[in-house]
$ cat target.txt   # compact mmCIF, N, CA and C atoms
# COMPACT_ATOMS: atom_id res chain seq x y z
N MET A 299 -14.27 -24.10 16.99
CA MET A 299 -15.03 -22.96 16.52
C MET A 299 -16.46 -23.12 17.03
N THR A 300 -17.01 -22.02 17.50
CA THR A 300 -18.37 -22.08 18.03
C THR A 300 -19.37 -22.16 16.89
N PRO A 301 -20.55 -22.71 17.15
CA PRO A 301 -21.59 -22.75 16.12
C PRO A 301 -21.95 -21.34 15.63
N LYS A 302 -21.93 -20.38 16.54
CA LYS A 302 -22.26 -19.00 16.16
C LYS A 302 -21.22 -18.46 15.17
N ALA A 303 -19.95 -18.72 15.42
CA ALA A 303 -18.88 -18.26 14.52
C ALA A 303 -18.99 -18.94 13.17
N LYS A 304 -19.26 -20.23 13.19
CA LYS A 304 -19.40 -20.99 11.95
C LYS A 304 -20.56 -20.46 11.12
N SER A 305 -21.66 -20.16 11.78
CA SER A 305 -22.83 -19.62 11.10
C SER A 305 -22.53 -18.25 10.49
N MET A 306 -21.83 -17.43 11.23
CA MET A 306 -21.49 -16.11 10.73
C MET A 306 -20.61 -16.21 9.49
N LEU A 307 -19.63 -17.10 9.52
CA LEU A 307 -18.76 -17.29 8.36
C LEU A 307 -19.54 -17.80 7.16
N ARG A 308 -20.46 -18.72 7.39
CA ARG A 308 -21.29 -19.23 6.28
C ARG A 308 -22.12 -18.11 5.66
N ARG A 309 -22.72 -17.28 6.51
CA ARG A 309 -23.56 -16.19 6.00
C ARG A 309 -22.72 -15.18 5.22
N ALA A 310 -21.57 -14.81 5.76
CA ALA A 310 -20.71 -13.84 5.09
C ALA A 310 -20.20 -14.39 3.76
N ALA A 311 -19.82 -15.65 3.74
CA ALA A 311 -19.37 -16.27 2.49
C ALA A 311 -20.49 -16.29 1.47
N SER A 312 -21.69 -16.59 1.93
CA SER A 312 -22.85 -16.63 1.04
C SER A 312 -23.12 -15.26 0.42
N VAL A 313 -23.01 -14.21 1.22
CA VAL A 313 -23.23 -12.85 0.72
C VAL A 313 -22.25 -12.53 -0.41
N GLU A 314 -21.03 -13.01 -0.29
CA GLU A 314 -20.02 -12.76 -1.32
C GLU A 314 -19.98 -13.86 -2.38
N ARG A 315 -20.94 -14.77 -2.29
CA ARG A 315 -21.07 -15.88 -3.25
C ARG A 315 -19.77 -16.67 -3.36
N LYS A 316 -19.23 -17.02 -2.20
CA LYS A 316 -18.00 -17.81 -2.13
C LYS A 316 -18.21 -18.98 -1.19
N THR A 317 -17.34 -19.95 -1.32
CA THR A 317 -17.34 -21.02 -0.33
C THR A 317 -16.75 -20.45 0.96
N VAL A 318 -17.01 -21.11 2.06
CA VAL A 318 -16.44 -20.66 3.32
C VAL A 318 -14.92 -20.67 3.24
N SER A 319 -14.36 -21.70 2.64
CA SER A 319 -12.89 -21.78 2.52
C SER A 319 -12.34 -20.62 1.70
N ALA A 320 -12.97 -20.32 0.56
CA ALA A 320 -12.51 -19.22 -0.29
C ALA A 320 -12.66 -17.88 0.44
N PHE A 321 -13.76 -17.72 1.16
CA PHE A 321 -13.99 -16.50 1.92
C PHE A 321 -12.91 -16.30 2.97
N ILE A 322 -12.65 -17.35 3.74
CA ILE A 322 -11.64 -17.27 4.80
C ILE A 322 -10.26 -17.01 4.21
N LEU A 323 -9.93 -17.67 3.11
CA LEU A 323 -8.63 -17.47 2.48
C LEU A 323 -8.49 -16.03 1.99
N ASP A 324 -9.51 -15.51 1.28
CA ASP A 324 -9.45 -14.14 0.77
C ASP A 324 -9.30 -13.13 1.90
N LYS A 325 -10.11 -13.26 2.92
CA LYS A 325 -10.07 -12.31 4.03
C LYS A 325 -8.77 -12.45 4.83
N GLY A 326 -8.31 -13.67 4.98
CA GLY A 326 -7.05 -13.90 5.69
C GLY A 326 -5.87 -13.30 4.96
N LEU A 327 -5.84 -13.46 3.63
CA LEU A 327 -4.75 -12.89 2.84
C LEU A 327 -4.78 -11.36 2.87
N ALA A 328 -5.99 -10.79 2.80
CA ALA A 328 -6.11 -9.33 2.87
C ALA A 328 -5.62 -8.81 4.22
N ALA A 329 -6.00 -9.49 5.29
CA ALA A 329 -5.56 -9.08 6.62
C ALA A 329 -4.05 -9.24 6.77
N ALA A 330 -3.51 -10.31 6.21
CA ALA A 330 -2.06 -10.53 6.28
C ALA A 330 -1.30 -9.44 5.53
N ALA A 331 -1.78 -9.07 4.35
CA ALA A 331 -1.12 -8.02 3.57
C ALA A 331 -1.15 -6.70 4.32
N GLU A 332 -2.29 -6.39 4.93
CA GLU A 332 -2.41 -5.14 5.69
C GLU A 332 -1.48 -5.15 6.91
N THR A 333 -1.42 -6.26 7.58
CA THR A 333 -0.56 -6.39 8.76
C THR A 333 0.91 -6.20 8.39
N LEU A 334 1.31 -6.77 7.27
CA LEU A 334 2.71 -6.72 6.87
C LEU A 334 3.11 -5.42 6.19
N ALA A 335 2.14 -4.68 5.68
CA ALA A 335 2.44 -3.47 4.90
C ALA A 335 3.31 -2.47 5.66
N ASP A 336 3.03 -2.27 6.92
CA ASP A 336 3.78 -1.28 7.70
C ASP A 336 4.86 -1.89 8.57
N ARG A 337 5.11 -3.17 8.39
CA ARG A 337 6.09 -3.83 9.26
C ARG A 337 7.23 -4.42 8.43
N ARG A 338 7.93 -3.55 7.77
CA ARG A 338 9.07 -4.00 6.98
C ARG A 338 10.32 -3.87 7.83
N GLU A 339 11.19 -4.82 7.72
CA GLU A 339 12.45 -4.77 8.47
C GLU A 339 13.59 -4.45 7.52
N PHE A 340 14.49 -3.62 7.99
CA PHE A 340 15.66 -3.26 7.23
C PHE A 340 16.89 -3.50 8.09
N PRO A 341 17.35 -4.73 8.16
CA PRO A 341 18.51 -5.00 9.01
C PRO A 341 19.76 -4.31 8.45
N LEU A 342 20.44 -3.57 9.31
CA LEU A 342 21.64 -2.85 8.91
C LEU A 342 22.77 -3.16 9.88
N SER A 343 23.96 -3.19 9.34
CA SER A 343 25.14 -3.31 10.21
C SER A 343 25.32 -1.95 10.90
N ALA A 344 26.20 -1.89 11.87
CA ALA A 344 26.46 -0.63 12.56
C ALA A 344 26.95 0.43 11.58
N LYS A 345 27.80 0.02 10.65
CA LYS A 345 28.35 0.96 9.65
C LYS A 345 27.23 1.47 8.73
N GLN A 346 26.37 0.56 8.28
CA GLN A 346 25.26 0.95 7.42
C GLN A 346 24.29 1.87 8.15
N TYR A 347 24.04 1.55 9.42
CA TYR A 347 23.13 2.37 10.22
C TYR A 347 23.68 3.79 10.36
N ASP A 348 24.97 3.90 10.64
CA ASP A 348 25.59 5.22 10.77
C ASP A 348 25.49 6.00 9.47
N ALA A 349 25.70 5.33 8.34
CA ALA A 349 25.59 6.00 7.04
C ALA A 349 24.15 6.43 6.78
N PHE A 350 23.20 5.61 7.16
CA PHE A 350 21.79 5.92 6.99
C PHE A 350 21.41 7.16 7.81
N ILE A 351 21.82 7.18 9.06
CA ILE A 351 21.53 8.32 9.93
C ILE A 351 22.21 9.59 9.41
N ALA A 352 23.43 9.46 8.93
CA ALA A 352 24.14 10.62 8.37
C ALA A 352 23.39 11.17 7.15
N ALA A 353 22.87 10.29 6.32
CA ALA A 353 22.11 10.73 5.15
C ALA A 353 20.83 11.45 5.58
N LEU A 354 20.18 10.96 6.61
CA LEU A 354 18.97 11.62 7.10
C LEU A 354 19.27 12.98 7.72
N ASP A 355 20.41 13.08 8.38
CA ASP A 355 20.78 14.32 9.06
C ASP A 355 21.40 15.36 8.12
N ALA A 356 21.82 14.95 6.94
CA ALA A 356 22.48 15.87 6.00
C ALA A 356 21.47 16.91 5.50
N PRO A 357 21.96 18.12 5.22
CA PRO A 357 21.05 19.15 4.69
C PRO A 357 20.51 18.71 3.32
N SER A 358 19.31 19.14 3.06
CA SER A 358 18.70 18.75 1.78
C SER A 358 19.31 19.56 0.64
N LYS A 359 19.19 19.00 -0.56
CA LYS A 359 19.71 19.68 -1.75
C LYS A 359 18.72 20.78 -2.15
N SER A 360 19.26 21.85 -2.69
CA SER A 360 18.42 22.94 -3.16
C SER A 360 17.66 22.49 -4.40
N ARG A 361 16.39 22.72 -4.40
CA ARG A 361 15.53 22.36 -5.54
C ARG A 361 14.68 23.60 -5.89
N PRO A 362 15.24 24.52 -6.69
CA PRO A 362 14.55 25.78 -6.98
C PRO A 362 13.16 25.60 -7.58
N ARG A 363 12.99 24.65 -8.48
CA ARG A 363 11.67 24.46 -9.10
C ARG A 363 10.65 23.99 -8.07
N LEU A 364 11.08 23.12 -7.16
CA LEU A 364 10.18 22.65 -6.12
C LEU A 364 9.84 23.78 -5.16
N GLU A 365 10.84 24.59 -4.80
CA GLU A 365 10.60 25.73 -3.91
C GLU A 365 9.60 26.69 -4.54
N LYS A 366 9.74 26.95 -5.84
CA LYS A 366 8.82 27.84 -6.55
C LYS A 366 7.41 27.26 -6.53
N LEU A 367 7.30 25.98 -6.79
CA LEU A 367 6.00 25.33 -6.79
C LEU A 367 5.33 25.44 -5.42
N LEU A 368 6.09 25.22 -4.38
CA LEU A 368 5.52 25.26 -3.03
C LEU A 368 5.14 26.67 -2.60
N LYS A 369 5.76 27.68 -3.20
CA LYS A 369 5.43 29.07 -2.87
C LYS A 369 4.25 29.59 -3.68
N THR A 370 3.91 28.91 -4.77
CA THR A 370 2.81 29.33 -5.62
C THR A 370 1.49 29.01 -4.92
N PRO A 371 0.59 30.00 -4.83
CA PRO A 371 -0.71 29.73 -4.18
C PRO A 371 -1.48 28.62 -4.92
N SER A 372 -2.15 27.82 -4.15
CA SER A 372 -2.95 26.73 -4.71
C SER A 372 -4.22 27.29 -5.34
N VAL A 373 -4.75 26.61 -6.32
CA VAL A 373 -6.03 27.03 -6.92
C VAL A 373 -7.15 26.88 -5.90
N LEU A 374 -6.92 26.15 -4.84
CA LEU A 374 -7.93 25.95 -3.81
C LEU A 374 -7.89 27.04 -2.73
N GLU A 375 -6.87 27.88 -2.79
CA GLU A 375 -6.76 28.94 -1.77
C GLU A 375 -7.57 30.15 -2.17
$ encode --input "target.txt" --output "C-alpha cells"
Amino acid sequence: MTPKAKSMLRRAASVERKTVSAFILDKGLAAAAETLADRREFPLSAKQYDAFIAALDAPSKSRPRLEKLLKTPSVLE
C-alpha cells in the first residue's frame, strides 16, 4: 500500500471516528453487499428452466381491482 493510500484511509477513518481496521471492514462489507445484491444465481435443471419460461410466457391473470386502480387518474395528474 502506498503512503498516500494509507494516509487517505487514516484521514477517512478519523472523520468517521473509527479505527482504520473498522473503517475498512465497514466499507468493505458495504461494497460486498452492494456487489452481491444484483448477482443472485438461480441454478435450474432443464426441466425447471422450461417450467420457469412457460410461467413467464403464460398470459397474466385478470385482476379487475388492479385494472381499475391503474385506470384511475393520479392525484398528481
$ select_by_dssp --input "target.txt" --residues "chain A" --states "alpha helix (DSSP H)" --output "ChimeraX atom specification"
/A:301-313,318-335,344-355,362-369
$ atom_distance --input "target.txt" --atom1 "atom CA of A:Ala320" --atom2 "atom C of A:Arg308"
11.4 Å
$ atom_distance --input "target.txt" --atom1 "atom N of A:Ala330" --atom2 "atom CA of A:Thr300"
22.3 Å
$ atom_distance --input "target.txt" --atom1 "atom C of A:Lys325" --atom2 "atom CA of A:Lys302"
18.8 Å
$ closest_residue --input "target.txt" --among "A:Leu368, A:Ala331, A:Ala353, A:Ile322" --to "A:Ala310" --atoms "only C-alpha atoms"
A:Ile322
